[in-house]
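*Asks:* Provided herewith is a single structure, encoded as structure tokens, for subsequent inquiry.
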Amino acid sequence: MQEQAASQVPAIILITIFHLLVGIPFGVSYFPIGWTQCTSSHEVDDVSSESTNGFTLDGQFPLQGKEALGIRMFLFSTIIGQLVMTYASSFNNCIALQMVENAPFCQALAYIVVETQGYGKEALSTLFFLFGLASVIVGTTFYLLGRYQLGKVLYFFPAHVLVGCIGGIGIFIAKTGMEVNANSSFPAFLETDKLHLLLIVFAFEAGLRLLTYMTKDGTGQSRYPLLSPIYFILITPLFYGFMYILGNDFDDQYFFPAIVECIDDGTGSCDTVTSAVFDIFHIIDFSTISWEAVLKSIPTMLALVLFSLIHVVSLVFVYQCRSRKTSFLMNIL
């Protein structure tokens with residue numbers, strides 16, 4: 001038993017690192033770029049506003065550490081999912097993960113709430129309520145499908161719908177990733193002096209693609225399955241190493257904005273503070289929830305539930321396509 005447990009340690013370490021790598025970019029994508037973090041005045045001016053359906057999102061986030069708050073939301077959701085899957089499911093080796101592909105719907109809900117209720121903590125209370133309600137609805141839907149063995153209903157989604165939805169989400173994720181990287185809305189970041197931040201990402205991606213291509217065997221498969229995870233682990237030390245060699249002073253442009261508290265005393269000064277870990281829990285106040293915003297969010301919530309179902313079908317679809325491809329290659333050989 002001890003040997004079996006010890007043999008799982010490398011996998012646990014890789015999964016933990018994977019969750020951190022995924023949690024950071026998607027955690028900072030829950031809230032739109034236009035909903036700016038409380039920071040110094042010159043940094044706020046650098047952030048472009050966003051417009052959707054005639055509404056311009058250009059206001060201050062009510063809490064310090066918007067990015068840190070999003071990452072905590074991702075990790076908390078993942079932890080809850082892992083505990084439930086481990087102790088309340090029949091899967092032998094389950095790995096839970098917050099459904100990151102729902103980030104576009106989270107931003108859409110943020111637009112609805114802010115347009116209805118403004119930029120204050122009341123809006124954030126309504127938004128967190130909607131996030132929690134969406135999780136309950138999606139979880140209940142999946143439970144009922146499994147409980148009454150209705151999983152085959154998902155196969156009624158046409159293939160072109162699956163491809164269109166997944167492709168659209170991919171475009172959104174790529175767009176949001178570039179916006180978060182440059183801290184500026186699309187395509188305004190192309191005109192800023194932060195374009196070089198994207199070049200670092202593209203350089204690492206090109207390096208991985210090149211190594212993957214060079215290490216393929218005769219069947220087109222990678223000779224080294226651990227190449228990608230090891231490469232991802234080395235990104236951080238390599239980045240800091242090159243920064244040190246080039247003599248960079250590690251200024252704020254390569255990192256998330258500092259968690260600060262703005263003081264409205266006419267001077268525009270800010271004090272560094274520590275963001276409370278439990279902000280995510282005590283921010284919800286049912287007396288401040290805008291039920292008008294909740295009603296307006298119903299179509300988006302329904303779309304979120306449907307896409308969650310489509311996402312599962314798309315994973316099965318991709319897996320089946322890969323299995324058929326592998327079987328076809330094996331028959332040829």
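Each chain of the structure tokens is named A, B, ... in the order shown, its residues numbered from 1; ligands are numbered from 1 in display order.
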Can you pull out every residue from segment 48-264 of chain A that DSSP, working from the backbone, puts in strand (DSSP E), and format the result as a PDB file with N, CA and C atoms, in the first residue's frame?
*Replies:*
```pdb
ATOM      1  N   GLU A  50     -13.967  48.972 -22.206  1.00  0.00           N
ATOM      2  CA  GLU A  50     -14.574  47.987 -23.090  1.00  0.00           C
ATOM      3  C   GLU A  50     -16.032  48.336 -23.302  1.00  0.00           C
ATOM      4  N   SER A  51     -16.528  48.093 -24.499  1.00  0.00           N
ATOM      5  CA  SER A  51     -17.900  48.424 -24.836  1.00  0.00           C
ATOM      6  C   SER A  51     -18.611  47.184 -25.352  1.00  0.00           C
ATOM      7  N   THR A  52     -19.809  46.919 -24.817  1.00  0.00           N
ATOM      8  CA  THR A  52     -20.638  45.800 -25.258  1.00  0.00           C
ATOM      9  C   THR A  52     -22.088  46.254 -25.313  1.00  0.00           C
ATOM     10  N   PHE A  55     -22.945  49.629 -23.959  1.00  0.00           N
ATOM     11  CA  PHE A  55     -22.523  49.904 -22.587  1.00  0.00           C
ATOM     12  C   PHE A  55     -21.006  49.865 -22.499  1.00  0.00           C
ATOM     13  N   THR A  56     -20.427  50.929 -21.963  1.00  0.00           N
ATOM     14  CA  THR A  56     -18.974  51.002 -21.830  1.00  0.00           C
ATOM     15  C   THR A  56     -18.568  50.633 -20.414  1.00  0.00           C
ATOM     16  N   LEU A  57     -17.773  49.601 -20.281  1.00  0.00           N
ATOM     17  CA  LEU A  57     -17.297  49.149 -18.973  1.00  0.00           C
ATOM     18  C   LEU A  57     -15.976  49.833 -18.673  1.00  0.00           C
ATOM     19  N   GLY A  59     -14.728  51.183 -15.035  1.00  0.00           N
ATOM     20  CA  GLY A  59     -14.871  51.572 -13.638  1.00  0.00           C
ATOM     21  C   GLY A  59     -13.929  50.802 -12.749  1.00  0.00           C
ATOM     22  N   GLN A  60     -13.910  51.172 -11.466  1.00  0.00           N
ATOM     23  CA  GLN A  60     -12.946  50.604 -10.537  1.00  0.00           C
ATOM     24  C   GLN A  60     -13.521  49.394  -9.816  1.00  0.00           C
ATOM     25  N   VAL A 260      -3.207  47.097  -3.608  1.00  0.00           N
ATOM     26  CA  VAL A 260      -3.107  48.402  -2.963  1.00  0.00           C
ATOM     27  C   VAL A 260      -4.485  48.892  -2.565  1.00  0.00           C
ATOM     28  N   GLU A 261      -4.503  49.836  -1.666  1.00  0.00           N
ATOM     29  CA  GLU A 261      -5.748  50.471  -1.230  1.00  0.00           C
ATOM     30  C   GLU A 261      -5.654  51.954  -1.543  1.00  0.00           C
ATOM     31  N   CYS A 262      -6.573  52.456  -2.357  1.00  0.00           N
ATOM     32  CA  CYS A 262      -6.554  53.849  -2.763  1.00  0.00           C
ATOM     33  C   CYS A 262      -7.221  54.721  -1.700  1.00  0.00           C
TER      34      CYS A 262
END
```
*Asks:* Set the distance at 10 Å and use only C-alpha atoms: which residues neighbour Ser308 of chain A once local chain neighbours fewer than 5 positions away are removed? I'd like the list as number ranges by chain.
*Replies:* A: 99, 101-102, 138-139, 141-142, 302-303, 313-314
*Asks:* Just to be explicit: take each residue in the selection above, keep N, CA and C atoms, and write the result as a compact mmCIF listing (two decimals), in the first residue's frame.
*Replies:*
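Result written to out14.txt:
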```txt
# COMPACT_ATOMS: atom_id res chain seq x y z
N MET A 99 -14.28 24.41 -14.63
CA MET A 99 -14.50 24.44 -16.08
C MET A 99 -14.09 25.80 -16.62
N GLU A 101 -13.50 26.83 -19.52
CA GLU A 101 -14.12 27.29 -20.76
C GLU A 101 -15.36 28.14 -20.52
N ASN A 102 -15.84 28.21 -19.27
CA ASN A 102 -16.99 29.04 -18.96
C ASN A 102 -16.61 30.48 -18.64
N VAL A 138 -25.50 23.84 -12.86
CA VAL A 138 -24.72 22.92 -13.69
C VAL A 138 -24.50 21.60 -12.97
N GLY A 139 -24.15 21.66 -11.68
CA GLY A 139 -23.95 20.43 -10.92
C GLY A 139 -25.21 19.60 -10.82
N THR A 141 -27.71 19.60 -12.92
CA THR A 141 -28.01 19.06 -14.25
C THR A 141 -27.19 17.80 -14.53
N PHE A 142 -25.91 17.85 -14.23
CA PHE A 142 -25.06 16.67 -14.45
C PHE A 142 -25.47 15.53 -13.53
N LEU A 302 -28.62 30.04 -18.86
CA LEU A 302 -29.04 28.89 -19.66
C LEU A 302 -27.99 28.53 -20.69
N ALA A 303 -27.40 29.56 -21.31
CA ALA A 303 -26.33 29.30 -22.28
C ALA A 303 -25.13 28.65 -21.61
N VAL A 313 -19.60 16.71 -24.27
CA VAL A 313 -19.75 15.97 -25.51
C VAL A 313 -18.55 16.19 -26.42
N SER A 314 -18.05 17.41 -26.46
CA SER A 314 -16.90 17.70 -27.33
C SER A 314 -15.67 16.93 -26.89
```
*Asks:* List as a tab-separated table (two decimals) with N, CA and C atoms, in the first residue's frame the protein and nucleic acid residues near Phe18 of chain A, meaning an atom at most 12 Å away when only C-alpha atoms are counted, but skip any in the same chain fewer than 2 places from it.
*Replies:*
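Dumped everything to result15.tsv:
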```tsv
chain	number	residue	atom	x	y	z
A	11	ALA	N	2.83	11.97	-10.01
A	11	ALA	CA	1.60	12.39	-10.71
A	11	ALA	C	0.89	13.50	-9.93
A	12	ILE	N	0.87	13.39	-8.61
A	12	ILE	CA	0.23	14.41	-7.79
A	12	ILE	C	0.95	15.75	-7.94
A	13	ILE	N	2.29	15.71	-7.95
A	13	ILE	CA	3.06	16.94	-8.11
A	13	ILE	C	2.78	17.59	-9.46
A	14	LEU	N	2.75	16.77	-10.53
A	14	LEU	CA	2.48	17.32	-11.86
A	14	LEU	C	1.08	17.92	-11.95
A	15	ILE	N	0.09	17.22	-11.38
A	15	ILE	CA	-1.27	17.73	-11.41
A	15	ILE	C	-1.38	19.03	-10.63
A	16	THR	N	-0.70	19.11	-9.49
A	16	THR	CA	-0.73	20.34	-8.69
A	16	THR	C	-0.14	21.50	-9.47
A	20	LEU	N	-1.99	25.01	-10.93
A	20	LEU	CA	-1.48	26.36	-10.71
A	20	LEU	C	-1.26	27.08	-12.03
A	21	LEU	N	-0.72	26.35	-13.02
A	21	LEU	CA	-0.47	26.96	-14.32
A	21	LEU	C	-1.78	27.35	-15.01
A	22	VAL	N	-2.81	26.54	-14.86
A	22	VAL	CA	-4.10	26.83	-15.46
A	22	VAL	C	-4.86	27.87	-14.64
A	23	GLY	N	-4.74	27.78	-13.32
A	23	GLY	CA	-5.50	28.67	-12.45
A	23	GLY	C	-5.11	30.12	-12.57
A	24	ILE	N	-3.84	30.40	-12.85
A	24	ILE	CA	-3.40	31.80	-12.93
A	24	ILE	C	-4.00	32.51	-14.15
A	25	PRO	N	-3.82	31.99	-15.37
A	25	PRO	CA	-4.38	32.73	-16.52
A	25	PRO	C	-5.90	32.78	-16.54
A	75	LEU	N	-9.10	28.12	-7.54
A	75	LEU	CA	-8.54	27.08	-6.67
A	75	LEU	C	-9.61	26.53	-5.73
A	78	THR	N	-11.84	24.21	-7.66
A	78	THR	CA	-11.13	22.98	-7.98
A	78	THR	C	-11.02	22.07	-6.75
A	95	ILE	N	-9.68	13.50	-11.49
A	95	ILE	CA	-8.99	14.79	-11.36
A	95	ILE	C	-10.02	15.88	-11.65
A	96	ALA	N	-10.34	16.65	-10.65
A	96	ALA	CA	-11.33	17.71	-10.80
A	96	ALA	C	-10.65	19.00	-11.25
A	97	LEU	N	-11.38	19.79	-11.99
A	97	LEU	CA	-10.86	21.06	-12.49
A	97	LEU	C	-12.03	22.00	-12.74
A	228	SER	N	6.40	17.95	-22.23
A	228	SER	CA	5.56	19.13	-22.02
A	228	SER	C	5.49	19.55	-20.56
A	229	PRO	N	5.20	18.64	-19.60
A	229	PRO	CA	5.14	19.08	-18.20
A	229	PRO	C	6.47	19.61	-17.69
A	230	ILE	N	7.58	18.97	-18.08
A	230	ILE	CA	8.89	19.46	-17.65
A	230	ILE	C	9.17	20.83	-18.25
A	231	TYR	N	8.76	21.01	-19.50
A	231	TYR	CA	8.95	22.31	-20.16
A	231	TYR	C	8.18	23.40	-19.42
A	232	PHE	N	6.93	23.10	-19.06
A	232	PHE	CA	6.12	24.08	-18.34
A	232	PHE	C	6.74	24.42	-16.98
A	233	ILE	N	7.28	23.41	-16.30
A	233	ILE	CA	7.89	23.65	-15.00
A	233	ILE	C	9.12	24.55	-15.13
```
*Asks:* Expressed in Å to a single decimal, how great is the separation between atom CA of Thr288 of chain A and atom CA of Glu122 of chain A?
*Replies:*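 Atom CA of Glu122 of chain A lies 5.4 Å from atom CA of Thr288 of chain A.
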*Asks:* Would you work out the distance separating atom CA of Ala293 of chain A from atom CA of Ile166 of chain A, expressed in Å to one decimal?
*Replies:*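 Separating atom CA of Ala293 of chain A from atom CA of Ile166 of chain A is a distance of 27.3 Å.
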*Asks:* Within 12 Å of Met73 of chain A, counting only C-alpha atoms, which residues qualify if same-chain residues fewer than 6 places away don't, as a ChimeraX atom specification?
*Replies:* /A:23-24,26-31,66-67,79-80,97-100,103,106,128,131-132,277-281
*Asks:* If we count only C-alpha atoms and set the cut-off at 12 Å, which residues sit around Ile169 of chain A, ignoring sequence neighbours fewer than 2 positions away in its own chain? Please answer as a PDB file with C-alpha atoms, in the first residue's frame.
*Replies:*
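Wrote it out as out09.pdb, contents follow:
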```
ATOM      1  CA  VAL A 100     -12.267  27.181 -17.443  1.00  0.00           C
ATOM      2  CA  GLU A 101     -14.120  27.287 -20.757  1.00  0.00           C
ATOM      3  CA  ASN A 102     -16.992  29.041 -18.957  1.00  0.00           C
ATOM      4  CA  ALA A 103     -14.888  32.196 -18.479  1.00  0.00           C
ATOM      5  CA  PRO A 104     -16.698  34.016 -21.356  1.00  0.00           C
ATOM      6  CA  PHE A 105     -20.025  33.487 -19.595  1.00  0.00           C
ATOM      7  CA  LEU A 162     -19.740  21.323 -31.083  1.00  0.00           C
ATOM      8  CA  VAL A 163     -17.001  22.551 -33.404  1.00  0.00           C
ATOM      9  CA  GLY A 164     -18.486  26.060 -33.558  1.00  0.00           C
ATOM     10  CA  CYS A 165     -18.870  26.410 -29.797  1.00  0.00           C
ATOM     11  CA  ILE A 166     -15.422  25.081 -28.958  1.00  0.00           C
ATOM     12  CA  GLY A 167     -13.825  27.169 -31.721  1.00  0.00           C
ATOM     13  CA  ILE A 171     -10.930  32.514 -29.932  1.00  0.00           C
ATOM     14  CA  PHE A 172     -12.258  34.195 -26.802  1.00  0.00           C
ATOM     15  CA  ILE A 173      -9.613  32.556 -24.602  1.00  0.00           C
ATOM     16  CA  ALA A 174      -6.820  33.624 -26.967  1.00  0.00           C
ATOM     17  CA  LYS A 175      -8.186  37.195 -27.081  1.00  0.00           C
ATOM     18  CA  THR A 176      -8.626  37.381 -23.298  1.00  0.00           C
ATOM     19  CA  GLY A 177      -5.149  35.938 -22.715  1.00  0.00           C
ATOM     20  CA  LEU A 304     -23.714  28.493 -19.637  1.00  0.00           C
ATOM     21  CA  PHE A 307     -22.299  24.917 -23.097  1.00  0.00           C
ATOM     22  CA  SER A 308     -21.212  22.915 -20.069  1.00  0.00           C
ATOM     23  CA  ILE A 310     -21.676  20.631 -25.008  1.00  0.00           C
ATOM     24  CA  HIS A 311     -18.183  20.789 -23.549  1.00  0.00           C
TER      25      HIS A 311
END
```
*Asks:* Determine the nearest neighbour of Val114 of chain A from the options A:Ala159, A:Ile289, A:Leu208, A:Ile298, counting only C-alpha atoms.
*Replies:*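 Distance minimum relative to Val114 of chain A lands on A:Ile289.
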*Asks:* Taking the chain letters and numbering used in this document, name the residues of segment 6-167 of chain A that DSSP puts in helix (DSSP H, G or I), as a VMD selection string.
*Replies:* chain A and resid 6 to 7 9 to 27 41 to 45 66 to 88 100 to 117 121 to 147 151 to 156 159 to 167
*Asks:* Can you work out the spacing between atom CA of Ser287 of chain A and atom CA of Ser135 of chain A in Å, to one decimal?
*Replies:*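 The value is 21.1 Å.
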